[in-house]
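Asks: Structure: protein.cif, mmCIF, C-alpha atoms.
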data_final
#
loop_
_atom_site.label_atom_id
_atom_site.label_comp_id
_atom_site.auth_asym_id
_atom_site.auth_seq_id
_atom_site.Cartn_x
_atom_site.Cartn_y
_atom_site.Cartn_z
CA MET W 1 -230.03 -275.74 -8.04
CA PRO W 2 -227.52 -273.26 -9.45
CA SER W 3 -223.98 -274.49 -10.10
CA LEU W 4 -220.75 -272.65 -10.87
CA ASP W 5 -218.14 -273.63 -13.44
CA ARG W 6 -215.16 -271.83 -14.91
CA GLN W 7 -213.93 -271.56 -18.49
CA GLU W 8 -210.47 -270.01 -18.23
CA ASN W 9 -211.15 -266.49 -16.89
CA VAL W 10 -214.92 -266.66 -17.29
CA PHE W 11 -217.10 -268.03 -14.52
CA VAL W 12 -220.31 -269.63 -15.80
CA LEU W 13 -223.19 -269.78 -13.34
CA ASP W 14 -225.88 -272.24 -14.46
CA LEU W 15 -229.13 -271.16 -12.81
CA GLY W 16 -230.75 -274.58 -13.21
CA ASP W 17 -232.85 -276.67 -15.56
CA GLY W 18 -236.36 -275.87 -14.31
CA GLU W 19 -238.27 -272.60 -14.11
CA ASN W 20 -235.47 -271.21 -11.94
CA ARG W 21 -237.86 -269.26 -9.78
CA PHE W 22 -236.55 -267.17 -6.92
CA HIS W 23 -237.04 -269.67 -4.07
CA PRO W 24 -235.11 -268.57 -0.96
CA ASP W 25 -232.77 -271.57 -1.32
CA TRP W 26 -232.14 -270.62 -4.96
CA ILE W 27 -231.37 -267.03 -3.98
CA ASP W 28 -228.94 -268.28 -1.33
CA ALA W 29 -227.23 -270.58 -3.84
CA VAL W 30 -226.80 -267.78 -6.37
CA GLY W 31 -225.44 -265.56 -3.62
CA ALA W 32 -222.92 -268.20 -2.58
CA ALA W 33 -221.76 -268.51 -6.20
CA LEU W 34 -221.34 -264.75 -6.43
CA ASP W 35 -219.28 -264.87 -3.23
CA GLU W 36 -216.89 -267.27 -4.94
CA VAL W 37 -216.67 -265.16 -8.08
CA GLU W 38 -216.11 -261.96 -6.15
CA LYS W 39 -213.41 -263.48 -3.92
CA ALA W 40 -211.44 -264.79 -6.90
CA GLU W 41 -208.38 -262.82 -7.91
CA GLY W 42 -207.07 -261.73 -11.26
CA PRO W 43 -208.86 -261.23 -14.59
CA ARG W 44 -212.39 -262.60 -14.55
CA ALA W 45 -215.93 -262.09 -15.76
CA LEU W 46 -219.26 -263.82 -15.20
CA VAL W 47 -221.84 -265.42 -17.47
CA THR W 48 -225.18 -266.60 -16.10
CA ALA W 49 -227.00 -269.23 -18.12
CA ALA W 50 -229.61 -271.94 -17.72
CA THR W 51 -230.62 -275.27 -19.18
CA GLY W 52 -233.98 -276.04 -20.73
CA LYS W 53 -237.05 -273.98 -21.54
CA PHE W 54 -236.51 -271.18 -19.03
CA TYR W 55 -233.76 -268.77 -18.07
CA SER W 56 -235.90 -267.69 -15.13
CA ASN W 57 -239.63 -267.36 -14.55
CA GLY W 58 -239.22 -264.89 -11.70
CA LEU W 59 -240.56 -264.85 -8.17
CA ASP W 60 -241.58 -268.11 -6.53
CA LEU W 61 -245.23 -267.14 -6.06
CA GLU W 62 -246.19 -270.59 -4.77
CA TRP W 63 -243.64 -270.34 -1.95
CA LEU W 64 -244.68 -266.77 -1.29
CA LEU W 65 -248.36 -267.68 -0.92
CA ALA W 66 -247.40 -270.36 1.59
CA HIS W 67 -245.16 -267.96 3.54
CA ALA W 68 -247.05 -264.68 3.32
CA ASP W 69 -245.70 -263.62 6.71
CA GLN W 70 -242.20 -263.52 5.19
CA TYR W 71 -243.13 -261.29 2.25
CA HIS W 72 -241.13 -258.28 3.44
CA ASP W 73 -237.93 -260.25 4.01
CA TYR W 74 -238.39 -262.10 0.73
CA VAL W 75 -238.63 -258.89 -1.28
CA VAL W 76 -235.57 -257.54 0.53
CA SER W 77 -233.62 -260.64 -0.50
CA VAL W 78 -234.71 -260.34 -4.14
CA HIS W 79 -233.79 -256.66 -4.21
CA GLY W 80 -230.45 -257.53 -2.61
CA LEU W 81 -229.69 -259.99 -5.39
CA PHE W 82 -230.51 -257.39 -8.05
CA ALA W 83 -228.32 -254.81 -6.32
CA ARG W 84 -225.44 -257.19 -5.98
CA MET W 85 -225.49 -258.22 -9.62
CA LEU W 86 -225.83 -254.62 -10.76
CA SER W 87 -222.78 -253.55 -8.76
CA LEU W 88 -220.43 -256.54 -9.14
CA PRO W 89 -216.86 -255.33 -9.75
CA LEU W 90 -216.53 -257.38 -12.95
CA VAL W 91 -218.34 -257.63 -16.26
CA THR W 92 -221.47 -259.79 -16.31
CA VAL W 93 -223.33 -261.30 -19.25
CA ALA W 94 -226.73 -263.03 -19.17
CA ALA W 95 -227.15 -265.86 -21.70
CA LEU W 96 -230.91 -266.05 -22.27
CA GLN W 97 -231.51 -269.41 -23.89
CA GLY W 98 -235.18 -269.59 -22.85
CA HIS W 99 -238.12 -267.66 -21.42
CA THR W 100 -237.06 -264.74 -19.24
CA PHE W 101 -240.02 -263.38 -17.30
CA ALA W 102 -240.82 -260.93 -14.50
CA ALA W 103 -238.11 -260.93 -11.81
CA GLY W 104 -236.06 -263.15 -14.13
CA ALA W 105 -236.16 -260.38 -16.74
CA MET W 106 -235.21 -257.84 -14.09
CA PHE W 107 -232.32 -260.05 -13.01
CA SER W 108 -231.12 -260.11 -16.62
CA LEU W 109 -231.21 -256.30 -16.68
CA ALA W 110 -228.91 -256.21 -13.66
CA HIS W 111 -226.20 -257.72 -15.89
CA ASP W 112 -223.96 -255.56 -18.04
CA PHE W 113 -224.89 -257.36 -21.26
CA ARG W 114 -227.54 -259.79 -22.50
CA VAL W 115 -227.44 -262.39 -25.30
CA MET W 116 -230.74 -263.98 -26.31
CA ARG W 117 -231.86 -266.78 -28.56
CA ALA W 118 -233.30 -265.27 -31.73
CA ASP W 119 -235.82 -267.87 -32.82
CA ARG W 120 -237.68 -268.92 -29.68
CA GLY W 121 -238.29 -267.72 -26.15
CA TYR W 122 -239.66 -264.47 -24.77
CA TRP W 123 -238.41 -261.67 -22.57
CA CYS W 124 -241.35 -260.18 -20.67
CA LEU W 125 -242.36 -258.05 -17.71
CA PRO W 126 -245.93 -259.40 -17.16
CA GLU W 127 -246.74 -257.47 -13.99
CA ALA W 128 -249.49 -255.34 -15.62
CA ASP W 129 -251.25 -258.55 -16.69
CA ILE W 130 -250.88 -260.44 -13.41
CA ASP W 131 -251.82 -257.50 -11.16
CA ILE W 132 -248.53 -257.31 -9.29
CA PRO W 133 -247.12 -253.77 -9.24
CA PHE W 134 -243.41 -253.17 -9.55
CA THR W 135 -241.74 -252.27 -6.29
CA PRO W 136 -239.86 -248.95 -6.25
CA GLY W 137 -236.59 -250.87 -6.50
CA MET W 138 -237.77 -252.94 -9.44
CA ALA W 139 -239.06 -249.87 -11.29
CA ALA W 140 -235.80 -248.04 -10.65
CA LEU W 141 -233.74 -250.96 -11.95
CA ILE W 142 -235.77 -251.34 -15.15
CA GLN W 143 -235.80 -247.62 -15.89
CA SER W 144 -232.05 -247.34 -15.30
CA ARG W 145 -231.23 -250.06 -17.81
CA LEU W 146 -233.73 -249.42 -20.63
CA ALA W 147 -234.41 -246.40 -22.79
CA PRO W 148 -237.52 -244.51 -21.60
CA GLN W 149 -239.81 -245.65 -24.43
CA ALA W 150 -238.67 -249.28 -24.14
CA ALA W 151 -239.16 -249.24 -20.37
CA HIS W 152 -242.59 -247.68 -20.74
CA GLU W 153 -243.77 -250.23 -23.29
CA ALA W 154 -242.32 -253.21 -21.43
CA MET W 155 -243.74 -252.14 -18.06
CA VAL W 156 -247.15 -250.83 -19.16
CA THR W 157 -248.12 -253.31 -21.89
CA ALA W 158 -246.46 -256.53 -20.62
CA ARG W 159 -245.29 -257.14 -24.19
CA ARG W 160 -243.56 -260.44 -24.89
CA TYR W 161 -240.40 -259.69 -26.84
CA GLY W 162 -238.77 -262.28 -29.06
CA GLY W 163 -235.04 -262.05 -29.62
CA ALA W 164 -235.11 -259.78 -32.68
CA ASP W 165 -237.65 -257.41 -31.14
CA ALA W 166 -235.74 -257.33 -27.85
CA ALA W 167 -232.57 -256.40 -29.73
CA ALA W 168 -234.39 -253.67 -31.66
CA ALA W 169 -235.73 -252.23 -28.39
CA GLY W 170 -232.29 -252.27 -26.78
CA ILE W 171 -233.36 -254.78 -24.15
CA ILE W 172 -230.65 -257.22 -25.22
CA ASP W 173 -227.31 -256.72 -26.94
CA ARG W 174 -227.24 -259.72 -29.26
CA ALA W 175 -229.87 -262.04 -30.76
CA VAL W 176 -228.22 -265.24 -32.00
CA SER W 177 -229.01 -268.83 -32.89
CA GLU W 178 -229.79 -271.31 -30.12
CA GLU W 179 -226.41 -273.02 -30.37
CA ALA W 180 -224.56 -269.68 -30.25
CA VAL W 181 -226.15 -268.19 -27.11
CA SER W 182 -223.69 -269.59 -24.59
CA SER W 183 -220.57 -269.23 -26.72
CA THR W 184 -221.42 -265.64 -27.66
CA ALA W 185 -221.99 -264.73 -24.01
CA VAL W 186 -218.67 -266.29 -23.02
CA GLU W 187 -216.88 -264.46 -25.84
CA LEU W 188 -218.37 -261.14 -24.73
CA ALA W 189 -217.33 -261.84 -21.16
CA GLN W 190 -213.84 -263.05 -22.09
CA ALA W 191 -213.16 -259.81 -23.94
CA GLN W 192 -213.75 -257.84 -20.72
CA VAL W 193 -211.99 -259.96 -18.08
CA ASN W 194 -209.28 -257.36 -17.52
CA LYS W 195 -211.87 -254.84 -16.34
CA ALA W 196 -212.48 -256.72 -13.06
CA GLY W 197 -211.46 -254.84 -9.94
CA ASP W 198 -212.17 -251.98 -7.58
CA THR W 199 -212.26 -249.32 -10.29
CA LEU W 200 -215.08 -251.03 -12.16
CA GLY W 201 -216.91 -251.59 -8.87
CA THR W 202 -216.64 -247.87 -8.08
CA ILE W 203 -217.84 -246.91 -11.57
CA LYS W 204 -220.92 -249.09 -11.22
CA ALA W 205 -221.61 -247.95 -7.66
CA ARG W 206 -221.56 -244.30 -8.71
CA MET W 207 -223.39 -244.85 -12.00
CA TYR W 208 -226.28 -246.61 -10.29
CA ALA W 209 -226.14 -244.97 -6.87
CA PRO W 210 -229.85 -243.94 -6.73
CA VAL W 211 -231.01 -247.36 -7.97
CA LEU W 212 -228.79 -249.21 -5.53
CA ALA W 213 -230.02 -247.05 -2.64
CA THR W 214 -233.63 -247.87 -3.54
CA LEU W 215 -232.93 -251.59 -3.92
CA ARG W 216 -231.10 -251.64 -0.58
CA ASP W 217 -233.90 -249.92 1.33
CA THR W 218 -234.83 -252.60 3.87
CA ALA W 219 -237.26 -250.41 5.79
CA ALA W 220 -239.82 -249.86 3.05
CA PRO W 221 -238.99 -252.10 0.06
CA LEU W 222 -242.64 -252.12 -1.04
CA GLY W 223 -242.91 -248.35 -1.09
#
Give the structure from the file, written as structure tokens.

Replies:
Amino acid sequence: MPSLDRQENVFVLDLGDGENRFHPDWIDAVGAALDEVEKAEGPRALVTAATGKFYSNGLDLEWLLAHADQYHDYVVSVHGLFARMLSLPLVTVAALQGHTFAAGAMFSLAHDFRVMRADRGYWCLPEADIDIPFTPGMAALIQSRLAPQAAHEAMVTARRYGGADAAAAGIIDRAVSEEAVSSTAVELAQAQVNKAGDTLGTIKARMYAPVLATLRDTAAPLG
């Protein structure tokens, strides 16, 4: 399960050491960690990271198949997590040490910055290959954070981007060696700790107002 640590003014949220799929308990644990980060006072920033082969493999489809009657509420909770990360009143950096797929890739896009391992691991939106359409909220999030051509290619072709290709497409901000992923993310975050506060929260809320409204639509999250 996710766990929260702190390195001086930078909170580091470890998402786990498995596939880090969006099980309801996992979503709740991430939300509780964000509560703690948001309630903290003074300069601060957030890095999310993981341990092992995956950063996140996205939705917990196995759980979802076993709880099909809860599909609506589940999607609402996933959208809520995206919206919260996108609008946090502090700078956020995703440290992508492993595969980052589907909703995991979308979650990374909800961060302000992304650092990815250059030599191994893929960033991918596989929905076109697995016959699961993007919800309106998911589409809005992706298109708000990527350049039009990059969003089109990623969404339509389900391309698997390695670190260098992801950097070239503007999907990530830095492609670095395996051992430098975490430290680079923390350095990026540390440089922005003084931005935390209501002003940054207002900037994000206004910058992404249409996206946030779509993600927070609990009446028709599936369109």

Asks: Taking the point (-234.8, -263.2, -8.1) as given in the file, collect each protein or nucleic acid residue that comes within 10 Å of it, counting all atoms listed in the file, and present the set as a ChimeraX atom specification.

Replies: /W:20-24,26-27,30,56-60,74-75,77-82,102-108

Asks: Point out the residue among W:Pro89, W:Leu65, W:Ala49, W:Gly31 with the least atom-to-atom distance to Thr202 (chain W), counting all atoms listed in the file.

Replies: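 Between W:Pro89, W:Leu65, W:Ala49, W:Gly31, the residue approaching Thr202 (chain W) most closely is W:Pro89.
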
Asks: Residue by residue, what does the PyMOL selection byres ((chain W and resi 94) around 9) grab here? Present the result as a list in words.

Replies: Leu46, Val47, Thr48, Ala49, Thr92, Val93, Ala95, Leu96, Phe107, Ser108, Leu109, His111, Asp112, Phe113, Arg114, Val115, Met116 and Ala185 of chain W

Asks: To one decimal place, how far is CA of Phe54 (chain W) from CA of Ala158 (chain W) in Å?

Replies: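 Interatomic distance here is 17.8 Å.
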
Asks: Using only C-alpha atoms, determine which residues lie at most 12 Å from Ala29 (chain W), disregarding the query and same-chain residues fewer than 6 positions distant; provide the list as a list in words.

Replies: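 The residues that qualify are Met1, Pro2, Ser3, Leu4, Leu13, Asp14, Leu15, Gly16, Asn20, Phe22, His23, Asp35, Glu36 and Leu81 of chain W.
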
Asks: Give the answer as one residue: which of W:Gly18, W:Gly201, W:Gly162, W:Pro148 has the shortest atom-to-atom distance to Arg117 (chain W), using all atoms listed in the file?

Replies: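 For Arg117 (chain W), the nearest of the given residues is W:Gly162.
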
Asks: Translate the PyMOL selection byres ((chain W and resi 6) around 10), as applied to the file shown, into an explicit residue set as an MDAnalysis selection string.

Replies: chainID W and resid 4:5 7:13 37 44:47
